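Participant: I have a structure here, written as structure tokens, and I will follow up with some questions on it.
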Amino acid sequence: MKVQNSLTILKELSSLTILTALASIASYSLTLVLVNYLGPSDFGLYSYCLLLGNFFSMFTLFSTDLTAPAHYIKIKDKQKLFNSVYSTRIVLFAISIFLIPFFYFKDPIIPLGILAILISIFNFSFFYEISGKNINYSKIYLFERLTYVLIVSLMIAQKELSIWMIFLTLILVTSISTIMQGRRFINFLQKFTFVNFFQNSKFIFHDNIYLLFITISTFMYGGFSRIILESKFGMEELGVYSAGWQIILIISIFQSQVTRVWRTKISNALINKNKNEFIKLVKNYFLLSTLPILIFTICICLFSYQIVTLLFNDEYILLVKLLPIFSLFFVFINLESLSGILWISIGNKRQYLIISLLFSFTLLAVLQAIPNSSSLEFFALITASLYACSVITLLFIFCYKYLKRI
């Protein structure tokens, strides 16, 4: 039975990895073209829009994608979960739409860029997860990415591409993808009833407010830190830094699929206090996800010069020094996802939040304090070091305080 369970997990992870790898390769290949096509300054503006869009998406999702599996295990009612999640997202989406226009005064393109990212919050990924249909969702996501890449590539070939057209294309493709996802769950959509946000507070708000701040605290490492970087060094330096940061996004996309494979299973083992099952799942997690990522990290460190000169033009040569630092994030992103599953499952979100915020605000204070004459390598090293310390601390405290109680 143990061997069969491991083979089932490996089969699902392999399928998800292949689908995610195809989507990531297509997306990253396009990003590399955009990096060199737009140049550091325009790519910096493009990245700035993505940062703000991701922040508003986190706010609007309200961590419902993270807690939906755990909630479903407890209530066993898909329609109730569906109504609560989407009612919350609709209210917060309306608030976000009201705030977005204020960014017009920094640059007119920014509100459109934020909206292009924000509409993805209506995706059905959490519902595919609780329905055991992760592979189906990954297939639709792959179609979405390939369609987006194809349209933008055609515009590049015709030399008609602009940042405006990139975001308009993203809005179109994301909308089509969301409609395709929703067709599988049309019955739930037809039975959808709006849940009053305040009536919904006990079910969603109380549990998720801590996770929202935890997610924002994590975003400080790759999000707010780059906004600070732009304020200190300018859009061009942000463009160079963000070009290298794209490789971290590849790992993040892969990790999102890894998390879907293990999240419900590990949550079940912890909630039901099945220690043997829990240990087996964690061992599989390290063997099938952490170890491959560690090997990939070592390869990036060893061949950073060859990678940069192959993929980027001379304007981005500084990435030779930055990539080995960025690669440190790979393993800790994987471990941070595991720690998130563990802390969410045991229900102690307050302590998780306090630890996360402590390191995040320390990071922002340190980055704000460093001189504007500092190097991008120093900036990246501080960010990576504090992120690693936060993840290690979270895992250590969990093991010390909670592992023996399972």
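We label chains A, B, ... in the order they appear in the structure tokens, count residues from 1 in each chain, and number ligands from 1 in the order shown.
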With DSSP run on the backbone, what are the alpha helix (DSSP H) residues within stretch 1-232 of chain A? I'd like them as an mmCIF file with C-alpha atoms, in the first residue's frame.

Facilitator:
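Just written: out_19.cif:
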```
data_model
loop_
_atom_site.group_PDB
_atom_site.id
_atom_site.type_symbol
_atom_site.label_atom_id
_atom_site.label_comp_id
_atom_site.auth_asym_id
_atom_site.auth_seq_id
_atom_site.Cartn_x
_atom_site.Cartn_y
_atom_site.Cartn_z
ATOM 1 C CA LYS A 2 2.834 2.402 0.890
ATOM 2 C CA VAL A 3 4.587 1.682 -2.403
ATOM 3 C CA GLN A 4 1.312 2.159 -4.287
ATOM 4 C CA ASN A 5 0.673 5.528 -2.595
ATOM 5 C CA SER A 6 4.189 6.696 -3.417
ATOM 6 C CA LEU A 7 3.777 5.615 -7.038
ATOM 7 C CA THR A 8 0.446 7.471 -7.239
ATOM 8 C CA ILE A 9 2.031 10.653 -5.903
ATOM 9 C CA LEU A 10 5.005 10.254 -8.238
ATOM 10 C CA LYS A 11 2.707 9.715 -11.238
ATOM 11 C CA GLU A 12 0.648 12.814 -10.447
ATOM 12 C CA LEU A 13 3.740 14.906 -9.751
ATOM 13 C CA SER A 14 5.400 13.693 -12.961
ATOM 14 C CA SER A 15 2.366 14.649 -15.034
ATOM 15 C CA LEU A 16 2.084 18.039 -13.352
ATOM 16 C CA THR A 17 5.825 18.619 -13.691
ATOM 17 C CA ILE A 18 5.776 17.890 -17.424
ATOM 18 C CA LEU A 19 2.775 20.152 -18.026
ATOM 19 C CA THR A 20 4.203 22.891 -15.818
ATOM 20 C CA ALA A 21 7.624 22.555 -17.428
ATOM 21 C CA LEU A 22 6.116 23.038 -20.882
ATOM 22 C CA ALA A 23 4.180 26.102 -19.701
ATOM 23 C CA SER A 24 7.229 27.486 -17.891
ATOM 24 C CA ILE A 25 9.561 26.938 -20.845
ATOM 25 C CA ALA A 26 7.147 28.704 -23.180
ATOM 26 C CA SER A 27 6.583 31.589 -20.741
ATOM 27 C CA TYR A 28 10.241 31.978 -19.866
ATOM 28 C CA SER A 29 11.313 31.822 -23.507
ATOM 29 C CA LEU A 30 8.924 34.663 -24.255
ATOM 30 C CA THR A 31 10.157 36.586 -21.216
ATOM 31 C CA LEU A 32 13.738 36.284 -22.443
ATOM 32 C CA VAL A 33 12.662 37.707 -25.786
ATOM 33 C CA LEU A 34 10.831 40.540 -24.017
ATOM 34 C CA VAL A 35 13.836 41.247 -21.801
ATOM 35 C CA ASN A 36 16.055 41.788 -24.837
ATOM 36 C CA TYR A 37 13.296 43.325 -26.995
ATOM 37 C CA LEU A 38 12.171 45.944 -24.472
ATOM 38 C CA GLY A 39 15.553 46.735 -22.906
ATOM 39 C CA PRO A 40 16.244 47.277 -19.176
ATOM 40 C CA SER A 41 14.228 50.502 -18.790
ATOM 41 C CA ASP A 42 10.964 49.347 -20.442
ATOM 42 C CA PHE A 43 11.316 45.879 -18.961
ATOM 43 C CA GLY A 44 11.660 47.598 -15.585
ATOM 44 C CA LEU A 45 8.319 49.354 -16.135
ATOM 45 C CA TYR A 46 6.750 46.073 -17.293
ATOM 46 C CA SER A 47 8.065 44.354 -14.140
ATOM 47 C CA TYR A 48 6.812 47.201 -11.960
ATOM 48 C CA CYS A 49 3.282 46.658 -13.317
ATOM 49 C CA LEU A 50 3.542 42.933 -12.611
ATOM 50 C CA LEU A 51 4.664 43.590 -9.033
ATOM 51 C CA LEU A 52 1.666 45.784 -8.293
ATOM 52 C CA GLY A 53 -0.666 43.386 -10.103
ATOM 53 C CA ASN A 54 0.583 40.477 -8.015
ATOM 54 C CA PHE A 55 0.097 42.485 -4.832
ATOM 55 C CA PHE A 56 -3.532 43.292 -5.665
ATOM 56 C CA SER A 57 -4.085 39.661 -6.642
ATOM 57 C CA MET A 58 -2.847 38.503 -3.245
ATOM 58 C CA PHE A 59 -5.150 40.961 -1.531
ATOM 59 C CA THR A 60 -8.148 39.858 -3.606
ATOM 60 C CA LEU A 61 -7.479 36.123 -3.348
ATOM 61 C CA THR A 64 -8.587 31.369 -0.239
ATOM 62 C CA ASP A 65 -6.532 29.284 -2.662
ATOM 63 C CA LEU A 66 -4.370 28.132 0.266
ATOM 64 C CA THR A 67 -7.088 27.331 2.779
ATOM 65 C CA ALA A 68 -9.772 25.885 0.495
ATOM 66 C CA PRO A 69 -8.482 22.270 0.744
ATOM 67 C CA ALA A 70 -8.308 22.424 4.557
ATOM 68 C CA HIS A 71 -11.794 23.989 4.742
ATOM 69 C CA TYR A 72 -13.203 21.325 2.450
ATOM 70 C CA ILE A 73 -11.759 18.537 4.605
ATOM 71 C CA LYS A 74 -13.689 19.996 7.556
ATOM 72 C CA ILE A 75 -17.053 20.901 5.964
ATOM 73 C CA LYS A 78 -18.329 21.939 -2.194
ATOM 74 C CA GLN A 79 -21.180 24.374 -2.913
ATOM 75 C CA LYS A 80 -20.788 26.145 0.424
ATOM 76 C CA LEU A 81 -17.044 26.425 -0.136
ATOM 77 C CA PHE A 82 -17.588 27.671 -3.700
ATOM 78 C CA ASN A 83 -20.058 30.357 -2.566
ATOM 79 C CA SER A 84 -17.852 31.562 0.277
ATOM 80 C CA VAL A 85 -14.633 31.744 -1.741
ATOM 81 C CA TYR A 86 -16.074 33.577 -4.724
ATOM 82 C CA SER A 87 -18.193 35.932 -2.611
ATOM 83 C CA THR A 88 -15.032 37.008 -0.811
ATOM 84 C CA ARG A 89 -13.108 37.449 -4.046
ATOM 85 C CA ILE A 90 -15.868 39.500 -5.687
ATOM 86 C CA VAL A 91 -16.021 41.979 -2.787
ATOM 87 C CA LEU A 92 -12.257 42.427 -2.657
ATOM 88 C CA PHE A 93 -12.051 42.679 -6.451
ATOM 89 C CA ALA A 94 -14.484 45.608 -6.322
ATOM 90 C CA ILE A 95 -12.325 47.353 -3.719
ATOM 91 C CA SER A 96 -9.216 46.790 -5.855
ATOM 92 C CA ILE A 97 -10.903 48.199 -8.967
ATOM 93 C CA PHE A 98 -11.625 51.379 -7.006
ATOM 94 C CA LEU A 99 -7.959 51.778 -5.960
ATOM 95 C CA ILE A 109 0.180 51.876 -18.344
ATOM 96 C CA ILE A 110 0.216 50.744 -14.711
ATOM 97 C CA PRO A 111 -3.586 50.433 -14.120
ATOM 98 C CA LEU A 112 -3.952 48.244 -17.234
ATOM 99 C CA GLY A 113 -1.029 46.073 -16.121
ATOM 100 C CA ILE A 114 -2.547 45.606 -12.674
ATOM 101 C CA LEU A 115 -5.930 44.660 -14.160
ATOM 102 C CA ALA A 116 -4.298 42.145 -16.526
ATOM 103 C CA ILE A 117 -2.876 40.262 -13.544
ATOM 104 C CA LEU A 118 -5.837 40.827 -11.229
ATOM 105 C CA SER A 125 -7.522 26.142 -9.504
ATOM 106 C CA PHE A 126 -8.610 25.535 -5.892
ATOM 107 C CA PHE A 127 -11.756 23.740 -7.064
ATOM 108 C CA TYR A 128 -9.779 21.496 -9.382
ATOM 109 C CA GLU A 129 -7.517 20.692 -6.424
ATOM 110 C CA ILE A 130 -10.271 19.646 -4.007
ATOM 111 C CA ASN A 134 -5.014 18.953 -10.785
ATOM 112 C CA ILE A 135 -3.837 17.491 -14.081
ATOM 113 C CA ASN A 136 -6.929 18.804 -15.892
ATOM 114 C CA TYR A 137 -6.277 22.285 -14.570
ATOM 115 C CA SER A 138 -2.629 22.087 -15.630
ATOM 116 C CA LYS A 139 -3.671 21.200 -19.174
ATOM 117 C CA ILE A 140 -5.886 24.280 -19.376
ATOM 118 C CA TYR A 141 -3.120 26.406 -17.865
ATOM 119 C CA LEU A 142 -0.698 25.078 -20.480
ATOM 120 C CA PHE A 143 -3.165 26.029 -23.239
ATOM 121 C CA GLU A 144 -3.472 29.501 -21.703
ATOM 122 C CA ARG A 145 0.297 30.028 -21.613
ATOM 123 C CA LEU A 146 0.904 28.704 -25.126
ATOM 124 C CA THR A 147 -1.863 30.875 -26.570
ATOM 125 C CA TYR A 148 -0.472 33.964 -24.857
ATOM 126 C CA VAL A 149 3.064 33.190 -26.027
ATOM 127 C CA LEU A 150 1.904 32.602 -29.609
ATOM 128 C CA ILE A 151 -0.017 35.897 -29.876
ATOM 129 C CA VAL A 152 2.757 38.001 -28.332
ATOM 130 C CA SER A 153 5.399 36.248 -30.465
ATOM 131 C CA LEU A 154 3.454 37.072 -33.618
ATOM 132 C CA MET A 155 3.341 40.740 -32.605
ATOM 133 C CA ILE A 156 7.095 40.700 -31.974
ATOM 134 C CA ALA A 157 7.668 39.162 -35.395
ATOM 135 C CA ILE A 163 3.613 47.051 -23.289
ATOM 136 C CA TRP A 164 -0.017 48.064 -23.859
ATOM 137 C CA MET A 165 -0.532 45.189 -26.304
ATOM 138 C CA ILE A 166 1.146 42.709 -23.939
ATOM 139 C CA PHE A 167 -1.341 43.452 -21.171
ATOM 140 C CA LEU A 168 -4.371 43.551 -23.486
ATOM 141 C CA THR A 169 -3.384 40.117 -24.803
ATOM 142 C CA LEU A 170 -2.997 38.821 -21.251
ATOM 143 C CA ILE A 171 -6.496 40.037 -20.351
ATOM 144 C CA LEU A 172 -7.985 38.286 -23.403
ATOM 145 C CA VAL A 173 -6.202 34.969 -22.875
ATOM 146 C CA THR A 174 -6.833 34.856 -19.109
ATOM 147 C CA SER A 175 -10.535 35.512 -19.670
ATOM 148 C CA ILE A 176 -10.804 32.668 -22.193
ATOM 149 C CA SER A 177 -8.921 30.311 -19.858
ATOM 150 C CA THR A 178 -11.216 31.152 -16.939
ATOM 151 C CA ILE A 179 -14.299 30.423 -19.061
ATOM 152 C CA MET A 180 -12.815 27.063 -20.095
ATOM 153 C CA GLN A 181 -12.121 26.181 -16.442
ATOM 154 C CA GLY A 182 -15.623 27.176 -15.350
ATOM 155 C CA ARG A 183 -17.342 24.909 -17.863
ATOM 156 C CA ILE A 186 -21.124 24.913 -14.444
ATOM 157 C CA ASN A 187 -23.512 23.329 -11.913
ATOM 158 C CA PHE A 188 -21.797 25.117 -9.048
ATOM 159 C CA LEU A 189 -21.858 28.383 -10.978
ATOM 160 C CA GLN A 190 -25.592 28.021 -11.633
ATOM 161 C CA HIS A 206 -11.131 34.868 10.607
ATOM 162 C CA ASP A 207 -9.018 32.014 9.253
ATOM 163 C CA ASN A 208 -7.539 33.816 6.263
ATOM 164 C CA ILE A 209 -6.609 37.251 7.577
ATOM 165 C CA TYR A 210 -3.467 35.839 9.161
ATOM 166 C CA LEU A 211 -2.543 34.008 5.970
ATOM 167 C CA LEU A 212 -3.063 37.152 3.916
ATOM 168 C CA PHE A 213 -0.490 38.978 5.999
ATOM 169 C CA ILE A 214 1.802 35.948 5.848
ATOM 170 C CA THR A 215 1.522 35.934 2.042
ATOM 171 C CA ILE A 216 2.211 39.669 1.953
ATOM 172 C CA SER A 217 5.210 39.144 4.232
ATOM 173 C CA THR A 218 6.576 36.607 1.732
ATOM 174 C CA PHE A 219 5.844 39.014 -1.115
ATOM 175 C CA SER A 225 12.028 44.706 -2.105
ATOM 176 C CA ARG A 226 12.047 45.387 -5.862
ATOM 177 C CA ILE A 227 9.820 48.433 -5.415
ATOM 178 C CA ILE A 228 12.419 49.739 -2.941
ATOM 179 C CA LEU A 229 15.124 48.849 -5.467
ATOM 180 C CA GLU A 230 13.376 50.977 -8.107
ATOM 181 C CA SER A 231 13.142 53.924 -5.723
ATOM 182 C CA LYS A 232 16.887 53.678 -4.975
#
```

Participant: Find the residues near stretch 257-272 of chain A: any atom within 7 Å, counting only C-alpha atoms, skip ones fewer than 2 places away on the same chain, and give them as a list in words.

Facilitator: Leu13, Leu16, Pro69, Ala70, Glu129, Ile253, Phe254, Gln255, Asn274, Lys275, Glu277, Phe278, Leu281, Ser337, Ile341, Ser345, Ile346 and Ile406 of chain A

Participant: Selection from above, N, CA and C atoms, as a compact mmCIF listing (two decimals), in the first residue's frame, can you write it?

Facilitator:
```txt
# COMPACT_ATOMS: atom_id res chain seq x y z
N LEU A 13 2.72 13.86 -9.71
CA LEU A 13 3.74 14.91 -9.75
C LEU A 13 4.45 14.94 -11.09
N LEU A 16 2.15 16.61 -13.62
CA LEU A 16 2.08 18.04 -13.35
C LEU A 16 3.40 18.73 -13.69
N PRO A 69 -8.54 23.72 0.48
CA PRO A 69 -8.48 22.27 0.74
C PRO A 69 -8.73 21.92 2.21
N ALA A 70 -8.12 22.70 3.13
CA ALA A 70 -8.31 22.42 4.56
C ALA A 70 -9.76 22.66 4.97
N GLU A 129 -8.33 21.38 -7.43
CA GLU A 129 -7.52 20.69 -6.42
C GLU A 129 -8.37 19.84 -5.50
N ILE A 253 6.46 28.63 -10.07
CA ILE A 253 5.39 27.97 -10.83
C ILE A 253 5.45 26.46 -10.61
N PHE A 254 6.66 25.90 -10.68
CA PHE A 254 6.83 24.47 -10.42
C PHE A 254 6.37 24.15 -9.00
N GLN A 255 6.76 25.00 -8.04
CA GLN A 255 6.43 24.75 -6.65
C GLN A 255 4.93 24.79 -6.40
N ASN A 274 -2.13 11.34 12.07
CA ASN A 274 -1.56 10.10 11.57
C ASN A 274 -0.06 10.32 11.36
N LYS A 275 0.72 10.06 12.40
CA LYS A 275 2.14 10.41 12.38
C LYS A 275 2.92 9.61 11.34
N GLU A 277 1.89 8.28 8.52
CA GLU A 277 1.56 8.78 7.19
C GLU A 277 2.21 10.14 6.94
N PHE A 278 2.22 10.98 7.98
CA PHE A 278 2.83 12.30 7.87
C PHE A 278 4.33 12.19 7.57
N LEU A 281 4.93 11.06 4.00
CA LEU A 281 4.66 12.11 3.03
C LEU A 281 5.77 13.15 3.00
N SER A 337 7.19 26.55 1.26
CA SER A 337 5.87 25.99 0.92
C SER A 337 5.51 24.85 1.88
N ILE A 341 2.29 24.68 4.56
CA ILE A 341 1.34 23.57 4.68
C ILE A 341 1.25 23.12 6.14
N SER A 345 -2.06 23.73 8.55
CA SER A 345 -2.77 22.51 8.95
C SER A 345 -2.99 22.44 10.45
N ILE A 346 -2.00 22.88 11.24
CA ILE A 346 -2.16 22.81 12.70
C ILE A 346 -3.02 23.96 13.23
N ILE A 406 1.93 15.14 17.29
CA ILE A 406 1.18 14.41 16.25
C ILE A 406 0.95 12.95 16.65
```

Participant: Please indicate the distance in Å from atom CA of A:Leu367 to atom CA of A:Ala384, rounded to one decimal place.

Facilitator: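 Between atom CA of A:Leu367 and atom CA of A:Ala384 the gap is 11.9 Å.
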